[in-house]
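Chemist: What follows is the file final27.tsv, containing TSV, C-alpha atoms and all ligand atoms:
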chain	number	residue	atom	x	y	z
M	279	MET	CA	6.59	50.88	-50.03
M	280	LYS	CA	3.68	49.06	-48.40
M	281	ALA	CA	0.91	51.16	-46.91
M	282	TRP	CA	-2.57	50.70	-45.49
M	283	VAL	CA	-4.94	52.91	-47.50
M	284	LEU	CA	-8.50	54.01	-46.94
M	285	PRO	CA	-10.11	53.70	-50.40
M	286	GLN	CA	-13.36	55.50	-49.48
M	287	PHE	CA	-15.08	56.93	-46.41
M	288	GLY	CA	-17.35	54.45	-44.66
M	289	SER	CA	-15.64	51.96	-42.40
M	290	ILE	CA	-12.25	51.33	-40.83
M	291	GLN	CA	-12.62	47.73	-41.97
M	292	SER	CA	-12.29	48.84	-45.63
M	293	LEU	CA	-8.55	49.56	-45.16
M	294	LYS	CA	-6.35	47.78	-47.74
M	295	LEU	CA	-2.64	46.92	-47.63
M	296	VAL	CA	-1.20	48.01	-51.00
M	297	ASP	CA	1.96	49.08	-52.83
M	298	TYR	CA	2.18	52.85	-52.64
M	299	PRO	CA	4.69	55.41	-53.97
M	300	ASP	CA	7.48	56.32	-51.54
M	301	PRO	CA	7.13	59.82	-50.05
M	302	ILE	CA	9.67	62.55	-50.80
M	303	ALA	CA	10.78	65.08	-48.18
M	304	GLY	CA	9.65	68.56	-49.25
M	305	PRO	CA	11.05	71.82	-47.82
M	306	GLY	CA	11.03	71.69	-44.01
M	307	GLU	CA	10.20	67.97	-44.00
M	308	VAL	CA	11.91	64.68	-43.32
M	309	VAL	CA	10.95	61.17	-44.37
M	310	LEU	CA	10.73	58.63	-41.55
M	311	GLU	CA	11.00	54.89	-41.97
M	312	MET	CA	8.37	53.84	-39.46
M	313	THR	CA	9.18	51.40	-36.66
M	314	LEU	CA	5.94	51.57	-34.69
M	315	ALA	CA	2.68	53.44	-35.27
M	316	GLY	CA	-0.01	54.23	-32.69
M	317	LEU	CA	-3.76	53.78	-33.20
M	318	ASN	CA	-6.34	56.34	-32.08
M	319	PRO	CA	-10.17	56.28	-32.11
M	320	ALA	CA	-10.01	59.41	-34.32
M	321	ASP	CA	-8.58	57.23	-37.15
M	322	ARG	CA	-11.85	55.29	-37.10
M	323	TYR	CA	-13.95	58.47	-36.91
M	324	LEU	CA	-12.09	59.86	-39.92
M	325	ALA	CA	-12.60	56.60	-41.87
M	326	GLU	CA	-16.31	56.72	-41.04
M	327	GLY	CA	-16.59	60.31	-42.30
M	328	GLN	CA	-17.41	61.53	-38.78
M	329	TYR	CA	-14.38	63.81	-38.57
M	330	PRO	CA	-14.10	67.35	-39.94
M	331	ALA	CA	-11.08	66.44	-42.14
M	332	ARG	CA	-11.75	65.24	-45.71
M	333	PRO	CA	-8.32	64.17	-47.02
M	334	THR	CA	-7.77	63.18	-50.62
M	335	LEU	CA	-8.51	59.48	-51.21
M	336	PRO	CA	-6.99	56.98	-51.05
M	337	HIS	CA	-5.74	58.21	-47.67
M	338	ILE	CA	-3.19	56.75	-45.26
M	339	LEU	CA	-4.37	57.01	-41.63
M	340	GLY	CA	-2.18	57.06	-38.50
M	341	ARG	CA	-1.21	60.12	-36.41
M	342	ASP	CA	1.29	58.71	-33.95
M	343	GLY	CA	4.51	56.81	-34.27
M	344	ILE	CA	8.25	56.50	-34.04
M	345	GLY	CA	10.70	55.97	-36.88
M	346	THR	CA	14.16	56.60	-38.28
M	347	VAL	CA	14.99	59.59	-40.46
M	348	VAL	CA	15.94	58.34	-43.95
M	349	GLN	CA	15.68	61.59	-45.95
M	350	VAL	CA	16.07	65.23	-44.97
M	351	GLY	CA	14.38	67.96	-47.03
M	352	PRO	CA	15.70	71.45	-47.83
M	353	GLY	CA	15.87	73.82	-44.86
M	354	VAL	CA	15.93	71.14	-42.14
M	355	HIS	CA	18.90	71.60	-39.83
M	356	HIS	CA	18.11	69.81	-36.56
M	357	TRP	CA	17.55	66.31	-37.96
M	358	LYS	CA	19.88	64.00	-39.85
M	359	VAL	CA	19.66	60.57	-41.45
M	360	GLU	CA	19.53	57.74	-38.85
M	361	ASP	CA	18.09	59.93	-36.06
M	362	GLN	CA	15.15	58.38	-34.20
M	363	ALA	CA	12.12	60.66	-34.13
M	364	VAL	CA	8.64	60.69	-32.59
M	365	LEU	CA	5.72	62.53	-34.19
M	366	VAL	CA	3.78	65.11	-32.21
M	367	ARG	CA	0.26	66.12	-33.25
M	368	SER	CA	0.20	67.53	-36.81
M	369	GLU	CA	-1.78	67.08	-40.02
M	370	VAL	CA	-0.03	63.72	-40.56
M	371	GLY	CA	-2.75	61.07	-40.85
M	372	VAL	CA	-5.41	63.80	-40.96
M	373	ASN	CA	-5.05	65.93	-44.10
M	374	ARG	CA	-1.84	64.32	-45.34
M	375	PRO	CA	-0.60	60.70	-45.47
M	376	GLY	CA	-0.14	59.07	-42.06
M	377	THR	CA	1.94	56.53	-40.22
M	378	PHE	CA	0.26	53.24	-41.19
M	379	ALA	CA	2.89	52.91	-43.91
M	380	GLU	CA	6.52	51.88	-44.18
M	381	LYS	CA	7.50	55.51	-44.77
M	382	VAL	CA	5.94	58.90	-44.09
M	383	ALA	CA	6.93	62.50	-44.88
M	384	VAL	CA	6.59	64.69	-41.79
M	385	PRO	CA	7.12	68.42	-41.09
M	386	ALA	CA	10.34	68.54	-39.06
M	387	GLU	CA	8.70	71.04	-36.67
M	388	SER	CA	6.33	68.21	-35.62
M	389	LEU	CA	9.06	65.87	-34.42
M	390	VAL	CA	10.63	65.31	-31.01
M	391	ARG	CA	13.37	62.98	-29.80
M	392	PRO	CA	12.30	59.88	-27.85
M	393	PRO	CA	12.44	60.77	-24.12
M	394	GLU	CA	15.51	59.54	-22.28
M	395	GLY	CA	14.98	56.20	-20.55
M	396	TRP	CA	11.81	55.32	-22.49
M	397	THR	CA	11.65	52.28	-24.76
M	398	ILE	CA	10.64	52.79	-28.38
M	399	GLU	CA	7.34	51.09	-27.54
M	400	GLN	CA	6.65	53.57	-24.71
M	401	SER	CA	7.54	56.49	-27.00
M	402	ALA	CA	5.60	55.32	-30.05
M	403	GLY	CA	1.98	56.15	-29.24
M	404	ALA	CA	2.23	58.62	-26.41
M	405	THR	CA	2.32	62.16	-27.76
M	406	LEU	CA	-1.28	62.63	-28.94
M	407	VAL	CA	-2.93	61.26	-25.80
M	408	TYR	CA	-0.61	62.98	-23.30
M	409	LEU	CA	-0.94	66.35	-25.08
M	410	THR	CA	-4.72	65.85	-24.99
M	411	ALA	CA	-4.66	64.95	-21.29
M	412	TRP	CA	-2.46	67.99	-20.61
M	413	GLN	CA	-4.93	70.31	-22.36
M	414	ALA	CA	-7.86	68.71	-20.52
M	415	LEU	CA	-6.17	69.27	-17.14
M	416	THR	CA	-4.81	72.76	-17.78
M	417	GLN	CA	-7.29	74.52	-20.07
M	418	TRP	CA	-9.04	76.17	-17.10
M	419	GLY	CA	-5.86	77.71	-15.73
M	420	LYS	CA	-3.55	76.46	-13.02
M	421	LEU	CA	-5.16	73.54	-11.22
M	422	ASP	CA	-4.17	73.38	-7.56
M	423	PRO	CA	-4.36	69.87	-6.09
M	424	SER	CA	-7.98	69.00	-6.83
M	425	VAL	CA	-10.43	66.13	-7.16
M	426	VAL	CA	-10.38	64.95	-10.79
M	427	LEU	CA	-12.74	62.32	-12.18
M	428	VAL	CA	-11.55	60.63	-15.39
M	429	THR	CA	-13.95	58.62	-17.56
M	430	GLY	CA	-12.66	55.99	-20.00
M	431	ALA	CA	-9.86	55.71	-17.46
M	432	SER	CA	-8.19	52.68	-19.02
M	433	GLY	CA	-7.84	54.17	-22.52
M	434	GLY	CA	-5.00	56.14	-24.03
M	435	VAL	CA	-6.20	59.55	-22.79
M	436	GLY	CA	-7.49	58.09	-19.50
M	437	VAL	CA	-4.16	56.51	-18.55
M	438	ALA	CA	-2.30	59.69	-19.54
M	439	THR	CA	-4.66	61.86	-17.47
M	440	LEU	CA	-4.31	59.64	-14.40
M	441	GLN	CA	-0.53	59.56	-14.61
M	442	LEU	CA	-0.24	63.34	-15.10
M	443	GLY	CA	-2.88	63.93	-12.42
M	444	HIS	CA	-1.06	61.67	-9.96
M	445	ALA	CA	2.24	63.42	-10.59
M	446	SER	CA	0.48	66.77	-10.02
M	447	GLY	CA	-0.91	65.75	-6.62
M	448	HIS	CA	-4.60	65.48	-7.55
M	449	THR	CA	-7.08	63.12	-5.89
M	450	LEU	CA	-8.18	60.85	-8.73
M	451	ILE	CA	-11.37	58.94	-9.44
M	452	GLY	CA	-11.29	56.65	-12.46
M	453	MET	CA	-14.39	55.43	-14.27
M	454	SER	CA	-14.15	52.07	-16.06
M	455	ARG	CA	-16.74	49.50	-17.13
M	456	GLY	CA	-16.68	46.24	-15.17
M	457	SER	CA	-14.13	45.29	-12.56
M	458	SER	CA	-11.31	43.72	-14.59
M	459	LYS	CA	-9.18	46.87	-14.83
M	460	VAL	CA	-9.73	48.26	-11.30
M	461	LYS	CA	-6.40	47.16	-9.84
M	462	LYS	CA	-4.38	48.42	-12.80
M	463	ILE	CA	-6.19	51.78	-12.73
M	464	LYS	CA	-5.43	52.11	-9.01
M	465	ASP	CA	-1.79	51.25	-9.71
M	466	LEU	CA	-1.68	54.31	-12.01
M	467	GLY	CA	-2.67	56.53	-9.09
M	468	ALA	CA	-6.48	56.43	-8.96
M	469	ASP	CA	-7.77	56.62	-5.38
M	470	LEU	CA	-11.19	55.23	-6.31
M	471	VAL	CA	-12.53	53.41	-9.38
M	472	VAL	CA	-16.24	53.46	-10.26
M	473	ASP	CA	-18.26	51.67	-12.94
M	474	PRO	CA	-20.65	53.78	-15.09
M	475	HIS	CA	-23.09	50.83	-15.16
M	476	ASP	CA	-23.26	50.63	-11.35
M	477	THR	CA	-26.44	52.54	-10.38
M	478	GLN	CA	-24.79	53.41	-7.04
M	479	TRP	CA	-21.57	54.91	-8.42
M	480	ARG	CA	-22.44	58.47	-7.35
M	481	ARG	CA	-23.13	57.29	-3.79
M	482	ARG	CA	-19.71	55.60	-3.74
M	483	VAL	CA	-18.07	58.85	-4.87
M	484	ARG	CA	-19.95	60.80	-2.15
M	485	GLU	CA	-18.92	58.30	0.52
M	486	PHE	CA	-15.31	58.42	-0.64
M	487	LEU	CA	-15.10	62.24	-0.80
M	488	GLY	CA	-16.98	63.07	2.41
M	489	ASN	CA	-17.65	66.80	2.31
M	490	ARG	CA	-15.45	67.38	-0.75
M	491	LYS	CA	-16.81	67.39	-4.33
M	492	VAL	CA	-15.33	66.71	-7.75
M	493	ASP	CA	-13.55	69.80	-9.11
M	494	LEU	CA	-12.88	68.64	-12.67
M	495	VAL	CA	-14.24	65.85	-14.87
M	496	VAL	CA	-12.09	64.78	-17.82
M	497	ASP	CA	-14.69	63.09	-19.97
M	498	ASN	CA	-13.67	60.68	-22.72
M	499	ILE	CA	-17.01	58.94	-23.16
M	500	GLY	CA	-20.06	61.29	-23.06
M	501	GLY	CA	-23.27	59.25	-23.46
M	502	PRO	CA	-25.94	58.61	-20.83
M	503	VAL	CA	-23.62	59.09	-17.85
M	504	PHE	CA	-22.83	62.74	-18.70
M	505	GLY	CA	-25.64	64.25	-16.60
M	506	GLU	CA	-24.60	62.10	-13.62
M	507	LEU	CA	-21.03	63.36	-13.96
M	508	ILE	CA	-22.33	66.94	-13.62
M	509	ASP	CA	-24.09	65.90	-10.38
M	510	THR	CA	-20.77	65.04	-8.73
M	511	LEU	CA	-19.26	68.53	-9.29
M	512	GLY	CA	-18.97	71.16	-6.60
M	513	MET	CA	-19.18	74.94	-6.86
M	514	TRP	CA	-17.27	76.19	-9.97
M	515	GLY	CA	-16.89	72.60	-11.12
M	516	LYS	CA	-15.65	72.04	-14.66
M	517	VAL	CA	-15.88	69.42	-17.38
M	518	SER	CA	-13.19	69.05	-20.03
M	519	VAL	CA	-14.96	67.25	-22.88
M	520	VAL	CA	-12.44	65.09	-24.72
M	521	GLY	CA	-14.37	62.27	-26.40
M	522	ARG	CA	-17.71	60.62	-26.89
M	523	LEU	CA	-17.07	56.89	-27.07
M	524	ALA	CA	-20.38	56.13	-25.32
M	525	GLY	CA	-22.26	58.20	-27.93
M	526	PRO	CA	-24.32	61.38	-27.77
M	527	VAL	CA	-25.69	62.66	-24.47
M	528	PRO	CA	-29.36	61.61	-24.68
M	529	GLN	CA	-30.87	64.25	-22.41
M	530	PHE	CA	-29.29	67.20	-20.75
M	531	ASN	CA	-30.88	69.75	-18.45
M	532	THR	CA	-28.97	73.03	-18.72
M	533	ALA	CA	-30.45	74.01	-15.34
M	534	SER	CA	-27.94	71.59	-13.79
M	535	LEU	CA	-25.25	74.20	-14.64
M	536	PHE	CA	-26.81	77.28	-13.01
M	537	PHE	CA	-26.41	77.13	-9.28
M	538	ARG	CA	-22.87	75.81	-9.01
M	539	ARG	CA	-21.64	77.95	-11.97
M	540	ILE	CA	-20.55	74.74	-13.75
M	541	ARG	CA	-18.42	75.21	-16.86
M	542	ILE	CA	-18.13	72.79	-19.77
M	543	GLY	CA	-15.30	73.16	-22.29
M	544	GLY	CA	-14.21	71.22	-25.33
M	545	VAL	CA	-10.67	69.89	-25.72
M	546	ALA	CA	-9.05	69.87	-29.18
M	547	VAL	CA	-5.45	68.74	-29.22
M	548	GLY	CA	-5.25	69.85	-32.87
M	549	THR	CA	-5.41	73.48	-31.76
M	550	TYR	CA	-1.90	73.25	-30.33
M	551	THR	CA	0.54	74.67	-32.88
M	552	ALA	CA	3.69	72.67	-33.67
M	553	ASP	CA	5.69	74.95	-31.33
M	554	GLU	CA	3.12	74.56	-28.54
M	555	SER	CA	3.01	70.80	-29.05
M	556	ARG	CA	6.76	70.45	-28.61
M	557	GLU	CA	6.72	72.76	-25.58
M	558	VAL	CA	3.78	70.97	-23.91
M	559	TRP	CA	5.47	67.64	-24.63
M	560	GLN	CA	8.51	68.79	-22.62
M	561	HIS	CA	6.18	69.66	-19.70
M	562	VAL	CA	4.54	66.23	-20.01
M	563	VAL	CA	7.85	64.37	-19.88
M	564	GLN	CA	9.09	66.50	-16.94
M	565	THR	CA	5.83	65.89	-15.06
M	566	LEU	CA	5.98	62.12	-15.62
M	567	ASN	CA	9.64	62.09	-14.54
M	568	ARG	CA	8.53	63.23	-11.05
M	569	THR	CA	6.93	59.83	-10.42
M	570	GLY	CA	8.80	57.75	-12.99
M	571	ALA	CA	5.53	56.92	-14.78
M	572	LYS	CA	5.85	55.68	-18.37
M	573	PRO	CA	3.25	55.26	-21.13
M	574	VAL	CA	1.36	51.96	-20.97
M	575	VAL	CA	1.26	49.70	-24.03
M	576	ASP	CA	-1.77	47.43	-24.32
M	577	GLU	CA	-0.80	45.29	-27.31
M	578	ILE	CA	1.41	45.46	-30.40
M	579	TYR	CA	0.11	44.01	-33.68
M	580	PRO	CA	2.19	43.02	-36.73
M	581	PHE	CA	1.91	45.40	-39.71
M	582	ASP	CA	-0.33	43.08	-41.74
M	583	ARG	CA	-2.91	42.83	-38.89
M	584	LEU	CA	-4.05	46.46	-38.61
M	585	PRO	CA	-7.79	45.59	-38.81
M	586	GLU	CA	-7.38	43.32	-35.75
M	587	ALA	CA	-5.59	46.13	-33.93
M	588	PHE	CA	-8.60	48.39	-34.56
M	589	GLU	CA	-10.88	45.61	-33.25
M	590	ARG	CA	-8.82	45.55	-30.06
M	591	LEU	CA	-9.01	49.35	-29.76
M	592	SER	CA	-12.80	49.29	-30.03
M	593	GLN	CA	-13.09	46.74	-27.20
M	594	GLY	CA	-11.50	49.10	-24.66
M	595	PRO	CA	-7.75	48.56	-24.30
M	596	PHE	CA	-5.53	49.28	-21.31
M	597	GLY	CA	-3.20	51.96	-22.63
M	598	LYS	CA	-2.08	52.19	-26.23
M	599	VAL	CA	-2.58	49.76	-29.11
M	600	LEU	CA	0.41	49.83	-31.49
M	601	LEU	CA	1.30	48.55	-34.95
M	602	ARG	CA	4.80	47.18	-35.55
M	603	VAL	CA	5.65	48.47	-39.01
M	604	ARG	CA	9.23	47.18	-39.05
M	701	LIG	N1	-10.62	66.16	-28.17
M	701	LIG	C1	-9.40	65.74	-28.52
M	701	LIG	O1	-8.52	66.51	-28.88
M	701	LIG	C2	-9.13	64.26	-28.47
M	701	LIG	C3	-7.82	63.77	-28.50
M	701	LIG	C4	-7.62	62.39	-28.32
M	701	LIG	C5	-8.71	61.55	-28.20
M	701	LIG	N2	-9.96	62.07	-28.25
M	701	LIG	C6	-11.15	61.23	-28.07
M	701	LIG	O2	-11.19	60.84	-26.71
M	701	LIG	C7	-11.79	59.55	-26.58
M	701	LIG	C8	-10.84	58.64	-25.81
M	701	LIG	O3	-9.69	58.42	-26.59
M	701	LIG	P1	-8.68	57.27	-26.18
M	701	LIG	O4	-7.54	57.36	-27.10
M	701	LIG	O5	-8.43	57.29	-24.73
M	701	LIG	O6	-9.57	55.98	-26.51
M	701	LIG	P2	-9.33	54.45	-26.12
M	701	LIG	O7	-7.88	54.21	-25.94
M	701	LIG	O8	-10.08	53.65	-27.11
M	701	LIG	O9	-9.96	54.29	-24.66
M	701	LIG	C9	-11.13	54.80	-24.20
M	701	LIG	C10	-11.66	54.02	-23.00
M	701	LIG	O10	-13.03	54.41	-22.85
M	701	LIG	C11	-13.80	53.31	-22.43
M	701	LIG	N3	-14.87	53.07	-23.42
M	701	LIG	C12	-14.74	52.64	-24.68
M	701	LIG	N4	-15.95	52.51	-25.26
M	701	LIG	C13	-16.85	52.86	-24.32
M	701	LIG	C14	-18.26	52.91	-24.29
M	701	LIG	N5	-18.98	52.59	-25.37
M	701	LIG	N6	-18.86	53.29	-23.15
M	701	LIG	C15	-18.14	53.63	-22.07
M	701	LIG	N7	-16.79	53.58	-22.02
M	701	LIG	C16	-16.17	53.21	-23.14
M	701	LIG	C17	-12.88	52.11	-22.34
M	701	LIG	O11	-12.54	51.98	-20.97
M	701	LIG	P3	-13.20	50.83	-20.02
M	701	LIG	O12	-13.21	49.58	-20.85
M	701	LIG	O13	-12.22	50.79	-18.90
M	701	LIG	O14	-14.53	51.33	-19.64
M	701	LIG	C18	-11.66	52.53	-23.15
M	701	LIG	O15	-10.49	51.95	-22.68
M	701	LIG	C19	-12.10	59.12	-28.01
M	701	LIG	O16	-13.44	59.47	-28.31
M	701	LIG	C20	-11.15	59.94	-28.85
M	701	LIG	O17	-11.59	60.13	-30.17
M	701	LIG	C21	-10.19	63.39	-28.36
Could you render the structure as structure tokens?
Modeler:
Amino acid sequence: MKAWVLPQFGSIQSLKLVDYPDPIAGPGEVVLEMTLAGLNPADRYLAEGQYPARPTLPHILGRDGIGTVVQVGPGVHHWKVEDQAVLVRSEVGVNRPGTFAEKVAVPAESLVRPPEGWTIEQSAGATLVYLTAWQALTQWGKLDPSVVLVTGASGGVGVATLQLGHASGHTLIGMSRGSSKVKKIKDLGADLVVDPHDTQWRRRVREFLGNRKVDLVVDNIGGPVFGELIDTLGMWGKVSVVGRLAGPVPQFNTASLFFRRIRIGGVAVGTYTADESREVWQHVVQTLNRTGAKPVVDEIYPFDRLPEAFERLSQGPFGKVLLRVR
């Protein structure tokens, strides 16, 4: 088969398209012939050696995707050849070969059926970001209708958080650089969109909320704006820390946490077990069904143009960037 391999840690641009041995389904596994694979910033972090995982090299990246079952390993009873299957978060693309290949062996427990009424494109890159958004919204316990501020609002996790938040009745503030994506972010359910580079963004949030405050920040970017995000929180306010696309937080005064009992908590989608992932995925689909929201696809690149797809991802997409494998 053809596969994109990472020959050494260093840069996502060192990926090479090569001939690679076909995978074989071991016990409890199936082999999928990939149709579409989804890109995630974590693929780049892993390639750059900034991720805890150190898979054997050469490594095939790619954690998300949809494909057709072509081989069923011993002990697998719920999947058969020709079934369409979507991966949920597992070690695929992390510590074992991933989806940027014509075929991939996957633990059957990490597969779900494409949701009814979704296209294969909508199904292909959704699971990782919606499971992440779900954890970010729910890790503090049941969230009654609240004010939720989402940074990196146009990205995979941002779009997922807005759609789930909208379906759950939250008041939503999206943060996005520039003005080009404002309308689309509002169409997803955001009530207000602010720009992290606008020095007056906190004033705009105050004016919009009146005497209410932000209850939860879902932060995908970190960086210099982090301290300002804390300022917008009310009593018992919380931050779910998902990502750090804007880099490290340069300065942080822990005193800003004292008086409002602010809590900051990391999100790690990889801590969901396979059983939890499948269960949470059902909740995600049911929640989205309330409003009819579907995953948003930014752009689909042909298989031989994966490096360009990663370029697109680094520019700030709107929704998911996908690779058409077949
Ligand atoms: N903790 C976990 O379990 C987990 C799981 C999934 C993802 N993540 C992490 O969460 C982050 C978001 O993932 P994603 O899939 O949503 O990424 P994405 O699809 O690349 O989108 C992120 C969005 O953030 C904004 N952004 C990008 N670079 C930025 C910068 N330098 N400064 C400010 N804003 C920037 C862009 O929005 P605008 O152009 O609209 O500003 C972009 O659309 C990544 O760091 C990813 O690794 C963590």
Chemist: Take atom C8 of ligand LIG 701 (chain M) and CA of Ile398 (chain M) and report the distance between them in Å, one decimal.
Modeler: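 Computing the Euclidean distance for atom C8 of ligand LIG 701 (chain M) and CA of Ile398 (chain M) yields 22.4 Å.
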Chemist: Please return as number ranges by chain every residue within 6 Å of (13.0, 71.9, -42.8), taking into account all atoms listed in the file and the file's own coordinates.
Modeler: M: 305-307, 351-354, 386
Chemist: As an exercise, work out the distance from CA of Gly430 (chain M) to CA of Leu494 (chain M) in Å and give it to one decimal place.
Modeler: 14.6 Å
Chemist: Which residue out of M:Gly544, M:Pro336, M:Pro580, M:Gly403 has the minimum interatomic distance to ligand LIG 701 (chain M) when all atoms listed in the file are used?
Modeler: M:Gly544
Chemist: So which residues touch region 408-425 of chain M within 8 Å, counting only C-alpha atoms, skipping near sequence neighbours fewer than 6 positions away, as JSON, numbers by chain?
Modeler: {"M": [435, 436, 438, 439, 442, 443, 446, 447, 448, 449, 450, 451, 491, 492, 493, 494, 496, 518, 519, 520, 545, 546, 547, 555, 558, 559, 562]}
Chemist: Please write out the residues within 6 Å of ligand LIG 701 (chain M) as a list in words, counting only C-alpha atoms and all ligand atoms.
Modeler: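 With only C-alpha atoms and all ligand atoms and a cut-off of 6 Å, ligand LIG 701 (chain M) is contacted by Asn318, Pro319, Ala320, Val407, Thr410, Gly430, Ala431, Ser432, Gly433, Gly434, Val435, Gly436, Ser454, Arg455, Asn498, Ile499, Val520, Gly521, Arg522, Leu523, Ala524, Val545, Ala546, Val547, Leu591, Ser592, Gly594, Pro595 and Phe596 of chain M.
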Chemist: Could you check how far CA of Val495 (chain M) sits from CA of Gly543 (chain M), in Å to one decimal?
Modeler: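 Atom-to-atom, CA of Val495 (chain M) and CA of Gly543 (chain M) are spaced 10.5 Å apart.
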Chemist: Give me the residues near Asp361 (chain M) as number ranges by chain, where near means some atom within 9 Å (using all atoms listed in the file) and where sequence neighbours in that chain fewer than 4 positions away do not count.
Modeler: M: 345-348, 357, 391
Chemist: Within 9 Å of (3.9, 59.8, -33.8) (file coordinates; only C-alpha atoms), which protein or nucleic acid residues are there? I'd like them as a compact mmCIF listing (two decimals) with C-alpha atoms, in the frame of the given file.
Modeler:
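To be explicit, this is the file written out as out_16.txt:
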# COMPACT_ATOMS: atom_id res chain seq x y z
CA LEU M 314 5.94 51.57 -34.69
CA ALA M 315 2.68 53.44 -35.27
CA GLY M 316 -0.01 54.23 -32.69
CA GLY M 340 -2.18 57.06 -38.50
CA ARG M 341 -1.21 60.12 -36.41
CA ASP M 342 1.29 58.71 -33.95
CA GLY M 343 4.51 56.81 -34.27
CA ILE M 344 8.25 56.50 -34.04
CA GLY M 345 10.70 55.97 -36.88
CA ALA M 363 12.12 60.66 -34.13
CA VAL M 364 8.64 60.69 -32.59
CA LEU M 365 5.72 62.53 -34.19
CA VAL M 366 3.78 65.11 -32.21
CA ARG M 367 0.26 66.12 -33.25
CA VAL M 370 -0.03 63.72 -40.56
CA THR M 377 1.94 56.53 -40.22
CA SER M 388 6.33 68.21 -35.62
CA LEU M 389 9.06 65.87 -34.42
CA SER M 401 7.54 56.49 -27.00
CA ALA M 402 5.60 55.32 -30.05
CA GLY M 403 1.98 56.15 -29.24
CA ALA M 404 2.23 58.62 -26.41
CA THR M 405 2.32 62.16 -27.76
CA LEU M 406 -1.28 62.63 -28.94
Chemist: Find, counting only C-alpha atoms, the residue in M:Glu577, M:Asp497, M:Glu380, M:Glu360 that gets nearest to Val283 (chain M).
Modeler: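 Distance minimum relative to Val283 (chain M) lands on M:Glu380.
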Chemist: Counting all atoms listed in the file, what is within 9 Å of Val472 (chain M), bar same-chain residues fewer than 2 positions away, as a PyMOL selection string?
Modeler: chain M and resi 451-457+460+470+474-476+479-480+482-483
Chemist: Write the residues of the selection above to a file with C-alpha atoms, as a CSV table (one decimal), in the coordinates of the input.
Modeler:
chain,number,residue,atom,x,y,z
M,451,ILE,CA,-11.4,58.9,-9.4
M,452,GLY,CA,-11.3,56.6,-12.5
M,453,MET,CA,-14.4,55.4,-14.3
M,454,SER,CA,-14.2,52.1,-16.1
M,455,ARG,CA,-16.7,49.5,-17.1
M,456,GLY,CA,-16.7,46.2,-15.2
M,457,SER,CA,-14.1,45.3,-12.6
M,460,VAL,CA,-9.7,48.3,-11.3
M,470,LEU,CA,-11.2,55.2,-6.3
M,474,PRO,CA,-20.6,53.8,-15.1
M,475,HIS,CA,-23.1,50.8,-15.2
M,476,ASP,CA,-23.3,50.6,-11.4
M,479,TRP,CA,-21.6,54.9,-8.4
M,480,ARG,CA,-22.4,58.5,-7.4
M,482,ARG,CA,-19.7,55.6,-3.7
M,483,VAL,CA,-18.1,58.8,-4.9
Chemist: For region 406-418 of chain M, take all atoms listed in the file, fit an axis-aligned box around them, add 6 Å to each of the six sides, then output centre and edge lengths in Å rounded to one decimal, as AutoDock Vina command-line options.
Modeler:
--center_x -4.8 --center_y 68.7 --center_z -23.0 --size_x 20.4 --size_y 26.9 --size_z 23.8
Chemist: Considering only C-alpha atoms, can you say which of M:Val503, M:Ile542, M:Leu601, M:Leu310 comes closest to Gln362 (chain M)?
Modeler: M:Leu310
Chemist: Counting all atoms listed in the file, which of M:Pro385, M:Gly395, M:Gly304, M:Pro502 gets nearest to Glu369 (chain M)?
Modeler: M:Pro385
Chemist: Between M:Ile540, M:Val372, M:Val426, M:Ile508, which is the closest to Asp469 (chain M) once you count only C-alpha atoms?
Modeler: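 Checking each of M:Ile540, M:Val372, M:Val426, M:Ile508 against Asp469 (chain M), counting only C-alpha atoms, the winner is M:Val426.
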